[in-house]
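S.K.: I am sharing coords15.txt, which consists of compact mmCIF, C-alpha atoms:
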```txt
# COMPACT_ATOMS: atom_id res chain seq x y z
CA MET A 1 24.38 0.38 -34.64
CA ALA A 2 23.59 -1.42 -37.91
CA ALA A 3 27.11 -0.70 -39.18
CA ALA A 4 28.59 -2.18 -36.01
CA VAL A 5 26.50 -5.33 -36.39
CA ARG A 6 27.60 -5.73 -40.01
CA ALA A 7 31.20 -5.16 -38.97
CA ALA A 8 30.92 -7.92 -36.41
CA GLY A 9 30.25 -10.36 -39.23
CA CYS A 10 33.56 -9.44 -40.84
CA LEU A 11 35.70 -10.06 -37.74
CA SER A 12 35.89 -13.81 -38.33
CA VAL A 13 37.68 -13.11 -41.61
CA LEU A 14 39.72 -10.15 -40.43
CA CYS A 15 41.24 -11.71 -37.31
CA GLY A 16 41.23 -15.44 -37.93
CA LEU A 17 38.33 -17.89 -37.64
CA PRO A 18 38.49 -19.07 -33.98
CA ALA A 19 39.10 -15.70 -32.37
CA GLY A 20 37.01 -13.89 -34.98
CA HIS A 21 33.86 -15.88 -34.17
CA LEU A 22 34.28 -15.19 -30.45
CA TRP A 23 34.81 -11.48 -31.08
CA ALA A 24 31.81 -11.30 -33.38
CA ARG A 25 29.61 -12.99 -30.77
CA GLN A 26 30.79 -10.61 -28.06
CA LEU A 27 30.06 -7.63 -30.33
CA PHE A 28 26.54 -8.90 -30.92
CA LEU A 29 25.94 -9.37 -27.17
CA ASN A 30 27.19 -5.94 -26.20
CA THR A 31 25.74 -4.29 -29.36
CA PHE A 32 28.60 -1.79 -29.48
CA PRO A 33 28.16 1.29 -27.30
CA THR A 34 28.31 4.66 -29.06
CA THR A 35 31.99 5.33 -28.32
CA SER A 36 32.97 1.86 -29.57
CA ILE A 37 31.08 2.41 -32.83
CA LEU A 38 32.91 5.68 -33.46
CA ALA A 39 36.24 4.04 -32.66
CA PHE A 40 35.38 1.12 -34.94
CA LYS A 41 34.55 3.46 -37.84
CA THR A 42 37.81 5.36 -37.27
CA ALA A 43 39.80 2.14 -37.19
CA ILE A 44 38.26 0.89 -40.42
CA SER A 45 38.82 4.19 -42.19
CA ASN A 46 42.48 4.25 -41.04
CA GLY A 47 43.17 0.63 -41.93
CA LEU A 48 41.61 0.54 -45.43
CA ASP A 49 43.29 3.50 -47.11
CA ALA A 50 44.36 1.30 -50.03
CA LEU A 51 40.82 0.20 -50.83
CA PRO A 52 38.94 2.12 -53.53
CA ARG A 53 35.98 4.02 -52.14
CA SER A 54 33.86 7.00 -52.95
CA SER A 55 33.12 9.89 -50.64
CA ASN A 56 29.59 8.75 -49.79
CA GLN A 57 30.31 5.07 -49.05
CA THR A 58 29.49 3.79 -45.53
CA THR A 59 31.37 1.54 -43.17
CA SER A 60 29.32 -1.49 -44.21
CA VAL A 61 30.68 -1.13 -47.78
CA HIS A 62 34.26 -1.18 -46.43
CA CYS A 63 33.54 -4.30 -44.43
CA ARG A 64 32.11 -6.08 -47.45
CA ALA A 65 35.14 -5.08 -49.50
CA VAL A 66 37.51 -6.43 -46.87
CA TYR A 67 35.46 -9.60 -46.60
CA CYS A 68 35.54 -10.14 -50.39
CA ARG A 69 39.28 -9.54 -50.57
CA GLY A 70 39.82 -12.02 -47.76
CA ARG A 71 37.82 -14.72 -49.54
CA HIS A 72 39.82 -14.26 -52.77
CA SER A 73 43.19 -13.82 -51.11
CA PRO A 74 45.88 -16.12 -52.47
CA GLY A 75 46.44 -19.28 -50.50
CA GLY A 76 42.97 -19.30 -48.91
CA GLY A 77 44.48 -18.83 -45.45
CA PRO A 78 43.68 -16.27 -42.80
CA LEU A 79 44.15 -12.60 -43.59
CA SER A 80 46.95 -12.21 -41.07
CA SER A 81 49.28 -14.51 -43.05
CA PRO A 82 52.13 -12.69 -44.83
CA GLY A 83 52.68 -12.68 -48.58
CA THR A 84 50.02 -10.37 -49.98
CA ARG A 85 50.03 -6.67 -50.72
CA GLY A 86 47.04 -5.78 -48.55
CA ASN A 87 48.08 -7.80 -45.50
CA HIS A 88 49.83 -4.77 -44.05
CA HIS A 89 46.52 -2.91 -43.98
CA TYR A 90 44.71 -5.89 -42.45
CA ALA A 91 47.37 -6.16 -39.72
CA SER A 92 47.01 -2.46 -38.97
CA LEU A 93 43.22 -2.88 -38.86
CA THR A 94 43.55 -5.73 -36.37
CA HIS A 95 45.90 -3.66 -34.23
CA ALA A 96 43.51 -0.70 -34.36
CA LEU A 97 40.58 -2.88 -33.33
CA GLN A 98 42.52 -4.22 -30.36
CA THR A 99 43.72 -0.77 -29.20
CA GLN A 100 40.90 1.68 -30.09
CA CYS A 101 37.88 -0.60 -29.66
CA CYS A 102 39.14 -2.18 -26.40
CA ILE A 103 38.93 -5.77 -27.67
CA TYR A 104 40.64 -8.09 -25.22
CA SER A 105 41.41 -11.77 -25.20
CA PRO A 106 38.37 -14.10 -25.39
CA SER A 107 39.25 -15.72 -22.05
CA SER A 108 38.25 -12.58 -20.09
CA TRP A 109 34.86 -12.09 -21.77
CA MET A 110 31.54 -12.93 -20.18
CA GLY A 111 28.22 -12.67 -22.02
CA GLN A 112 25.87 -10.50 -19.91
CA GLN A 113 22.27 -9.73 -20.78
CA TYR A 114 21.27 -6.13 -20.02
CA ARG A 115 17.62 -5.15 -19.81
CA PRO A 116 17.13 -1.38 -19.36
CA TYR A 117 13.45 -1.63 -18.30
CA SER A 118 10.98 -4.04 -16.71
CA PHE A 119 7.31 -4.14 -15.77
CA PHE A 120 8.21 -2.30 -12.53
CA THR A 121 9.16 0.78 -14.55
CA LYS A 122 6.46 0.50 -17.22
CA LEU A 123 3.38 0.04 -14.99
CA THR A 124 1.90 2.55 -12.58
CA ALA A 125 1.59 1.95 -8.84
CA ASP A 126 -2.16 1.33 -9.10
CA GLU A 127 -1.64 -1.31 -11.78
CA LEU A 128 1.04 -3.06 -9.73
CA TRP A 129 -1.17 -3.09 -6.63
CA LYS A 130 -4.05 -4.58 -8.65
CA GLY A 131 -1.83 -7.47 -9.64
CA ALA A 132 -0.52 -7.97 -6.10
CA LEU A 133 -3.94 -7.89 -4.44
CA ALA A 134 -5.77 -9.86 -7.17
CA GLU A 135 -8.52 -7.27 -7.39
CA THR A 136 -9.43 -8.31 -10.91
CA GLY A 137 -10.62 -11.65 -12.21
CA ALA A 138 -13.93 -13.42 -12.68
CA GLY A 139 -13.54 -15.47 -9.50
CA ALA A 140 -12.99 -12.42 -7.32
CA ARG A 141 -15.87 -10.51 -8.92
CA LYS A 142 -18.36 -13.32 -8.44
CA GLY A 143 -17.24 -14.24 -4.94
CA ARG A 144 -16.07 -17.74 -5.79
CA GLY A 145 -13.73 -19.61 -3.50
CA LYS A 146 -13.14 -19.40 0.21
CA ARG A 147 -10.49 -16.77 0.78
CA ALA A 148 -8.64 -17.13 4.09
CA LYS A 149 -7.87 -13.44 4.44
CA LYS A 150 -8.19 -10.58 2.02
CA ARG A 151 -4.92 -8.84 1.35
CA ARG A 152 -4.96 -5.09 1.77
CA ARG A 153 -3.03 -2.34 0.12
CA LYS A 154 -0.19 -1.00 2.25
CA ASP A 155 1.14 2.52 2.32
CA LEU A 156 4.83 1.95 1.61
CA ASN A 157 5.55 5.65 2.17
CA ARG A 158 4.09 5.66 5.69
CA GLY A 159 6.33 7.58 8.06
CA GLN A 160 8.37 8.99 5.18
CA ILE A 161 8.31 12.68 4.24
CA VAL A 162 9.54 13.67 0.79
CA GLY A 163 12.53 15.97 1.19
CA GLU A 164 13.42 14.97 4.76
CA GLY A 165 16.94 13.74 5.38
CA ARG A 166 19.71 13.64 7.95
CA SER A 167 21.14 16.96 6.78
CA GLY A 168 17.93 18.82 7.63
CA PHE A 169 17.48 20.74 4.38
CA LEU A 170 14.18 22.58 3.87
CA TRP A 171 12.95 22.18 0.30
CA PRO A 172 10.09 24.52 -0.67
CA GLY A 173 7.16 22.53 -1.96
CA LEU A 174 8.32 19.25 -0.36
CA ASN A 175 8.81 19.43 3.41
CA VAL A 176 7.96 23.13 3.82
CA PRO A 177 5.30 25.31 2.14
CA LEU A 178 6.26 26.75 -1.23
CA MET A 179 4.95 30.23 -0.49
CA ARG A 180 5.23 32.31 2.67
CA ASN A 181 3.92 35.86 3.01
CA GLY A 182 3.33 36.00 -0.74
CA THR A 183 6.91 35.13 -1.72
CA VAL A 184 8.55 31.90 -2.77
CA GLN A 185 10.76 30.47 -0.06
CA SER A 186 14.39 29.67 -0.71
CA ILE A 187 16.23 26.48 0.22
CA ALA A 188 17.36 26.56 3.85
CA GLN A 189 18.73 24.21 6.49
CA ARG A 190 17.60 23.50 10.03
CA SER A 191 19.81 23.99 12.99
CA LYS A 192 21.29 20.97 14.70
CA GLU A 193 18.91 21.19 17.66
CA GLU A 194 15.80 21.43 15.45
CA GLN A 195 16.95 18.47 13.35
CA GLU A 196 17.41 16.34 16.47
CA LYS A 197 13.87 17.18 17.60
CA VAL A 198 12.42 16.21 14.21
CA GLU A 199 14.27 12.89 14.17
CA ALA A 200 13.16 12.14 17.74
CA SER A 201 9.50 12.79 16.87
CA ILE A 202 9.72 10.46 13.85
CA VAL A 203 11.25 7.70 15.98
CA GLN A 204 8.55 8.18 18.64
CA GLN A 205 5.81 7.99 16.01
CA ARG A 206 7.15 4.73 14.64
CA GLU A 207 7.43 3.24 18.14
CA GLU A 208 3.76 4.09 18.75
CA TRP A 209 2.79 2.22 15.59
CA GLU A 210 4.67 -0.85 16.77
CA ARG A 211 3.09 -0.55 20.23
CA ARG A 212 -0.41 -0.39 18.74
CA LYS A 213 0.19 -3.63 16.89
CA LYS A 214 1.08 -5.42 20.13
CA ILE A 215 -1.78 -4.04 22.23
CA LYS A 216 -4.35 -6.69 23.14
CA VAL A 217 -8.01 -5.81 22.94
CA LYS A 218 -9.54 -5.42 26.41
CA ARG A 219 -13.09 -6.76 26.53
CA GLU A 220 -15.74 -6.03 29.11
CA ARG A 221 -16.89 -8.64 31.53
CA GLY A 222 -19.57 -10.83 29.97
CA TRP A 223 -18.27 -10.57 26.41
CA SER A 224 -16.26 -13.70 25.83
CA GLY A 225 -14.83 -15.48 22.82
CA ASN A 226 -13.24 -13.96 19.76
CA THR A 227 -16.04 -11.44 19.16
CA TRP A 228 -16.04 -7.66 18.86
CA GLY A 229 -18.79 -7.19 21.45
CA GLY A 230 -17.96 -4.74 24.24
CA VAL A 231 -14.85 -3.32 22.50
CA SER A 232 -14.43 0.45 22.80
CA LEU A 233 -13.96 2.55 19.66
CA GLY A 234 -13.30 5.79 21.46
CA PRO A 235 -15.17 9.06 20.97
CA PRO A 236 -16.83 9.92 17.64
CA ASP A 237 -14.97 12.06 15.12
CA PRO A 238 -15.35 15.87 15.30
CA GLY A 239 -18.29 17.34 13.41
CA PRO A 240 -18.17 19.58 10.33
CA ASN A 241 -18.60 22.73 12.42
CA GLY A 242 -15.77 21.87 14.81
CA GLU A 243 -17.86 20.29 17.59
CA THR A 244 -16.10 17.56 19.53
CA TYR A 245 -17.39 14.60 21.54
CA GLU A 246 -14.49 13.92 23.89
CA ASP A 247 -16.81 12.99 26.79
CA PHE A 248 -18.58 10.28 24.73
CA ASP A 249 -17.53 6.66 24.41
CA THR A 250 -18.48 4.12 21.74
CA ARG A 251 -19.02 0.41 22.36
CA ILE A 252 -19.56 -2.32 19.80
CA LEU A 253 -22.63 -4.48 20.32
CA GLU A 254 -22.56 -6.70 17.23
CA VAL A 255 -20.47 -7.30 14.11
CA LYS A 256 -22.10 -9.38 11.42
CA ASN A 257 -21.23 -10.38 7.86
CA VAL A 258 -24.14 -9.91 5.47
CA PHE A 259 -24.47 -10.75 1.78
CA ASN A 260 -26.40 -9.24 -1.08
CA MET A 261 -27.10 -11.24 -4.23
CA THR A 262 -26.47 -9.18 -7.37
CA ALA A 263 -26.79 -10.04 -11.04
CA LYS A 264 -23.20 -9.27 -12.04
CA GLU A 265 -21.13 -9.88 -8.91
CA GLY A 266 -23.14 -12.69 -7.30
CA ARG A 267 -22.92 -12.80 -3.49
CA LYS A 268 -21.57 -9.40 -2.51
CA LYS A 269 -20.23 -9.40 1.04
CA SER A 270 -20.42 -6.45 3.44
CA VAL A 271 -20.01 -5.92 7.19
CA ARG A 272 -22.84 -4.64 9.38
CA VAL A 273 -21.94 -3.11 12.75
CA LEU A 274 -24.23 -2.15 15.62
CA VAL A 275 -22.75 0.32 18.13
CA ALA A 276 -23.96 2.41 21.07
CA VAL A 277 -22.57 5.75 22.26
CA GLY A 278 -23.03 7.62 25.53
CA ASN A 279 -21.47 10.12 27.90
CA GLY A 280 -22.47 8.44 31.18
CA ARG A 281 -24.79 11.33 32.13
CA GLY A 282 -28.05 10.31 30.47
CA ALA A 283 -27.25 11.04 26.80
CA ALA A 284 -26.93 7.89 24.70
CA GLY A 285 -27.83 6.50 21.28
CA PHE A 286 -27.21 3.68 18.84
CA ALA A 287 -26.77 3.24 15.09
CA VAL A 288 -25.98 0.67 12.41
CA GLY A 289 -23.12 1.07 9.95
CA LYS A 290 -22.51 -1.02 6.86
CA ALA A 291 -19.50 -1.09 4.55
CA ALA A 292 -17.32 -3.46 2.58
CA GLU A 293 -14.45 -3.12 5.08
CA ARG A 294 -14.86 -3.62 8.83
CA MET A 295 -13.02 -0.45 9.88
CA ASP A 296 -15.10 1.67 7.52
CA ALA A 297 -18.26 0.20 9.03
CA PHE A 298 -16.97 1.05 12.54
CA ARG A 299 -16.34 4.64 11.53
CA LYS A 300 -19.73 5.03 9.85
CA ALA A 301 -21.68 3.59 12.77
CA LYS A 302 -19.77 5.63 15.37
CA ASN A 303 -20.28 8.94 13.61
CA LYS A 304 -23.91 8.14 12.80
CA ALA A 305 -24.89 7.17 16.36
CA VAL A 306 -23.93 10.55 17.80
CA ASN A 307 -26.62 12.15 15.60
CA PHE A 308 -29.43 10.02 17.11
CA LEU A 309 -29.10 10.59 20.85
CA HIS A 310 -31.75 9.93 23.51
CA TYR A 311 -31.88 11.56 26.91
CA ILE A 312 -32.75 8.97 29.56
CA GLU A 313 -34.17 10.19 32.87
CA ARG A 314 -32.52 8.61 35.92
CA TYR A 315 -33.67 8.42 39.51
CA GLY A 316 -30.89 9.67 41.79
CA ASP A 317 -28.46 9.40 38.85
CA HIS A 318 -28.11 5.66 39.51
CA THR A 319 -31.29 3.76 38.47
CA ILE A 320 -34.57 4.01 36.55
CA PHE A 321 -37.71 5.68 37.96
CA HIS A 322 -39.94 2.58 38.06
CA ASP A 323 -40.22 -0.97 36.73
CA VAL A 324 -40.65 -1.33 32.97
CA SER A 325 -42.02 -4.33 31.06
CA LEU A 326 -42.17 -4.18 27.26
CA THR A 327 -42.39 -6.32 24.16
CA PHE A 328 -40.63 -5.27 20.97
CA LYS A 329 -41.47 -7.64 18.12
CA ARG A 330 -40.61 -11.05 19.63
CA THR A 331 -38.23 -9.74 22.30
CA HIS A 332 -39.57 -9.39 25.87
CA ILE A 333 -37.66 -7.22 28.36
CA LYS A 334 -38.51 -6.78 32.04
CA MET A 335 -36.56 -4.12 33.98
CA LYS A 336 -36.74 -3.38 37.73
CA LYS A 337 -35.33 -0.46 39.69
CA GLN A 338 -32.90 -1.34 42.47
CA PRO A 339 -31.39 0.47 45.48
CA ARG A 340 -27.92 1.97 45.42
CA GLY A 341 -25.18 -0.62 45.54
CA TYR A 342 -27.20 -3.40 43.87
CA GLY A 343 -25.23 -3.29 40.63
CA LEU A 344 -26.20 -4.36 37.13
CA ARG A 345 -27.64 -7.87 36.78
CA CYS A 346 -28.74 -7.92 33.17
CA HIS A 347 -27.99 -9.17 29.71
CA ARG A 348 -24.44 -8.31 28.67
CA ALA A 349 -25.63 -5.89 25.96
CA ILE A 350 -27.94 -4.15 28.45
CA ILE A 351 -25.04 -3.84 30.92
CA THR A 352 -22.93 -2.14 28.24
CA MET A 353 -25.72 0.29 27.32
CA CYS A 354 -26.50 1.06 30.99
CA ARG A 355 -22.88 2.07 31.59
CA LEU A 356 -22.99 4.38 28.58
CA ILE A 357 -26.23 5.94 29.89
CA GLY A 358 -25.06 6.21 33.48
CA ILE A 359 -27.36 3.64 35.14
CA LYS A 360 -25.52 1.80 37.92
CA ASP A 361 -28.20 -0.28 39.67
CA MET A 362 -30.85 -2.28 37.78
CA TYR A 363 -32.20 -5.77 37.18
CA ALA A 364 -33.30 -6.87 33.69
CA LYS A 365 -34.58 -10.13 32.25
CA VAL A 366 -34.66 -10.85 28.49
CA SER A 367 -36.86 -13.61 27.10
CA GLY A 368 -38.00 -14.63 23.65
CA SER A 369 -35.86 -13.53 20.75
CA VAL A 370 -32.42 -12.22 21.64
CA ASN A 371 -31.83 -10.52 18.30
CA MET A 372 -29.30 -7.81 19.15
CA LEU A 373 -30.88 -5.09 17.02
CA ASN A 374 -34.40 -5.71 18.38
CA LEU A 375 -33.02 -5.89 21.92
CA THR A 376 -31.28 -2.53 21.53
CA ARG A 377 -34.24 -0.81 19.94
CA GLY A 378 -36.65 -2.15 22.57
CA PHE A 379 -34.35 -1.14 25.44
CA PHE A 380 -34.00 2.47 24.28
CA HIS A 381 -37.71 2.67 23.45
CA GLY A 382 -38.70 1.50 26.95
CA LEU A 383 -36.32 3.84 28.81
CA SER A 384 -37.15 6.92 26.74
CA HIS A 385 -40.92 6.43 27.34
CA GLN A 386 -40.94 6.10 31.12
CA ALA A 387 -44.32 7.36 32.41
```
Produce structure tokens that represent the structure in this file.
M.R.:
Amino acid sequence: MAAAVRAAGCLSVLCGLPAGHLWARQLFLNTFPTTSILAFKTAISNGLDALPRSSNQTTSVHCRAVYCRGRHSPGGGPLSSPGTRGNHHYASLTHALQTQCCIYSPSSWMGQQYRPYSFFTKLTADELWKGALAETGAGARKGRGKRAKKRRRKDLNRGQIVGEGRSGFLWPGLNVPLMRNGTVQSIAQRSKEEQEKVEASIVQQREEWERRKKIKVKRERGWSGNTWGGVSLGPPDPGPNGETYEDFDTRILEVKNVFNMTAKEGRKKSVRVLVAVGNGRGAAGFAVGKAAERMDAFRKAKNKAVNFLHYIERYGDHTIFHDVSLTFKRTHIKMKKQPRGYGLRCHRAIITMCRLIGIKDMYAKVSGSVNMLNLTRGFFHGLSHQA
């Protein structure tokens, strides 16, 4: 490469000043690919047979010799002018450069900058996501500034399976297990019918994702506004021993942003969620979940509440046994049993919890503090201690 760059400096003398400068500039821009360098060395060695050289001299020495001869050539004109003994060799060198090195007329050249790498290929995916999401920085660490909405990391490979394609090839270790029955599987191909089924399932899965985005949240009667109260989260996740809770339902009672003041990070924000679970047959409970992300807090609270269940006795499977009046901290709750068909005439949170328990007819009056956590704790405490 160094020899090619030195040779480019000699082209202005070898081929005339105007065209030589253009050729030299183009050689510097393209930096001579490997094949062009070999062709250039061959051309120089073929065109300078008359020049004295030793067996260990390099191409750069030949170029300097040609350049010195050109400067001291009689007449001071370009090297292509006739009248000197070595002009025949210079003409053959020019012809060799034009034929073997693929040097064309300057009018068809365009200087293009080629960059073989960028920061996309040098940095890892985690480092690129940190820059896109602005996870680092003093302002983000200390909670400065009002951020409209925190950007989240997206799974760009969602719905894609490595190795899957339209041809239906099965690649061991990618889209099929590497080992089967103690032996390494070989590359195979699905049948046309199996491939159509796989493609149809992928299309159906993607349509479900789009449908979930468009689904509007259905809220219970009494929960108004843009709040999470009364929204169903579905049944809790299966337990570690395989137990399932398909007959349970989870309802959100309160979602609240809380802050903790730390020495290094300042005001550290987290989300606190209060939920209640029940199967509609007397088993119900509640729990609080806290996390940095809202969905993580939902999951924590839902799976925690199923571990703290109360069994509430019901009269005729539709109401409480007798009237209950209680005070929990500064919250006062008065509940009265009602005949069948009366319905639920209570606070909206108590209505939601009664439906999870299975109570259908009751009257309740809440006075004093309406703190949602104290209201929930007092309600479950009063029902679980019916005399």
S.K.: Do a neighbour search on stretch 323-332 of chain A at 9 Å with only C-alpha atoms, toss out local chain neighbours closer than 6 positions, and write the hits as an MDAnalysis selection string.
M.R.: chainID A and resid 365:371 374:375 377:379 381:383 386
S.K.: What does the structure give for the distance between atom CA of A:Ala349 and atom CA of A:Gly285, in Å to one decimal?
M.R.: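 Between atom CA of A:Ala349 and atom CA of A:Gly285 the gap is 13.4 Å.
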S.K.: Give me, as an MDAnalysis selection string, all polymer residues having an atom no more than 12 Å from A:Ile312, counting all atoms listed in the file and skipping those fewer than 5 positions away in the same chain.
M.R.: chainID A and resid 278:285 317:321 353:354 356:359 379:386
S.K.: With C-alpha atoms retained, could you export that selection as an mmCIF file, in the frame of the given file?
M.R.:
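See result_24.cif below for the written result:
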```cif
data_model
loop_
_atom_site.group_PDB
_atom_site.id
_atom_site.type_symbol
_atom_site.label_atom_id
_atom_site.label_comp_id
_atom_site.auth_asym_id
_atom_site.auth_seq_id
_atom_site.Cartn_x
_atom_site.Cartn_y
_atom_site.Cartn_z
ATOM 1 C CA GLY A 278 -23.030 7.620 25.530
ATOM 2 C CA ASN A 279 -21.470 10.120 27.900
ATOM 3 C CA GLY A 280 -22.470 8.440 31.180
ATOM 4 C CA ARG A 281 -24.790 11.330 32.130
ATOM 5 C CA GLY A 282 -28.050 10.310 30.470
ATOM 6 C CA ALA A 283 -27.250 11.040 26.800
ATOM 7 C CA ALA A 284 -26.930 7.890 24.700
ATOM 8 C CA GLY A 285 -27.830 6.500 21.280
ATOM 9 C CA ASP A 317 -28.460 9.400 38.850
ATOM 10 C CA HIS A 318 -28.110 5.660 39.510
ATOM 11 C CA THR A 319 -31.290 3.760 38.470
ATOM 12 C CA ILE A 320 -34.570 4.010 36.550
ATOM 13 C CA PHE A 321 -37.710 5.680 37.960
ATOM 14 C CA MET A 353 -25.720 0.290 27.320
ATOM 15 C CA CYS A 354 -26.500 1.060 30.990
ATOM 16 C CA LEU A 356 -22.990 4.380 28.580
ATOM 17 C CA ILE A 357 -26.230 5.940 29.890
ATOM 18 C CA GLY A 358 -25.060 6.210 33.480
ATOM 19 C CA ILE A 359 -27.360 3.640 35.140
ATOM 20 C CA PHE A 379 -34.350 -1.140 25.440
ATOM 21 C CA PHE A 380 -34.000 2.470 24.280
ATOM 22 C CA HIS A 381 -37.710 2.670 23.450
ATOM 23 C CA GLY A 382 -38.700 1.500 26.950
ATOM 24 C CA LEU A 383 -36.320 3.840 28.810
ATOM 25 C CA SER A 384 -37.150 6.920 26.740
ATOM 26 C CA HIS A 385 -40.920 6.430 27.340
ATOM 27 C CA GLN A 386 -40.940 6.100 31.120
#
```
S.K.: Using only C-alpha atoms for the distances, tell me which of A:Thr352, A:Asn157, A:Thr376, A:Gln338 is nearest to A:Gly222.
M.R.: A:Thr352
S.K.: With distances taken over all atoms listed in the file, which residue among A:Val258, A:Ala276, A:Val271, A:Leu253 lies nearest A:Met295?
M.R.: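 With all atoms listed in the file as the atom set, the closest residue is A:Val271.
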S.K.: What's the separation between atom CA of A:Ala305 and atom CA of A:Val288, in Å to one decimal place?
M.R.: 7.7 Å
S.K.: Restricting the calculation to all atoms listed in the file, which member of A:His310, A:Lys290, A:Lys304, A:Arg251 is positioned closest to A:Glu220?
M.R.: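 Looking only at the distances to A:Glu220, the closest residue turns out to be A:Arg251.
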S.K.: Just give me the gap between atom CA of A:Ile187 and atom CA of A:Gly173 in Å, one decimal is fine.
M.R.: 10.1 Å
S.K.: Please supply stretch 365-371 of chain A, rebuilt with all heavy atoms, as a short mmCIF file (atom, residue, chain, number, x, y, z; two decimals), in the coordinates of the input.
M.R.:
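Written output follows (result_3.cif):
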```cif
data_model
loop_
_atom_site.label_atom_id
_atom_site.label_comp_id
_atom_site.auth_asym_id
_atom_site.auth_seq_id
_atom_site.Cartn_x
_atom_site.Cartn_y
_atom_site.Cartn_z
N LYS A 365 -34.42 -8.76 32.73
CA LYS A 365 -34.58 -10.13 32.25
C LYS A 365 -35.05 -10.08 30.81
O LYS A 365 -36.03 -9.41 30.48
CB LYS A 365 -35.59 -10.88 33.11
CG LYS A 365 -35.96 -12.27 32.62
CD LYS A 365 -34.78 -13.22 32.73
CE LYS A 365 -35.20 -14.64 32.33
NZ LYS A 365 -34.06 -15.58 32.38
N VAL A 366 -34.32 -10.80 29.92
CA VAL A 366 -34.66 -10.85 28.49
C VAL A 366 -35.15 -12.25 28.18
O VAL A 366 -34.50 -13.25 28.52
CB VAL A 366 -33.44 -10.50 27.62
CG1 VAL A 366 -33.79 -10.57 26.15
CG2 VAL A 366 -32.90 -9.12 27.98
N SER A 367 -36.30 -12.33 27.51
CA SER A 367 -36.86 -13.61 27.10
C SER A 367 -37.34 -13.49 25.66
O SER A 367 -37.51 -12.39 25.12
CB SER A 367 -38.01 -14.03 28.02
OG SER A 367 -39.03 -13.04 28.01
N GLY A 368 -37.59 -14.63 25.06
CA GLY A 368 -38.00 -14.63 23.65
C GLY A 368 -36.80 -14.50 22.74
O GLY A 368 -35.73 -15.10 22.98
N SER A 369 -36.95 -13.73 21.70
CA SER A 369 -35.86 -13.53 20.75
C SER A 369 -34.79 -12.64 21.37
O SER A 369 -35.08 -11.65 22.04
CB SER A 369 -36.39 -12.88 19.47
OG SER A 369 -35.31 -12.55 18.61
N VAL A 370 -33.55 -13.01 21.14
CA VAL A 370 -32.42 -12.22 21.64
C VAL A 370 -31.68 -11.58 20.46
O VAL A 370 -30.46 -11.36 20.51
CB VAL A 370 -31.45 -13.09 22.46
CG1 VAL A 370 -32.06 -13.45 23.80
CG2 VAL A 370 -31.03 -14.33 21.70
N ASN A 371 -32.42 -11.25 19.42
CA ASN A 371 -31.83 -10.52 18.30
C ASN A 371 -31.26 -9.20 18.82
O ASN A 371 -31.96 -8.41 19.47
CB ASN A 371 -32.90 -10.27 17.23
CG ASN A 371 -32.34 -9.52 16.04
OD1 ASN A 371 -32.26 -8.30 16.07
ND2 ASN A 371 -31.99 -10.26 14.99
#
```
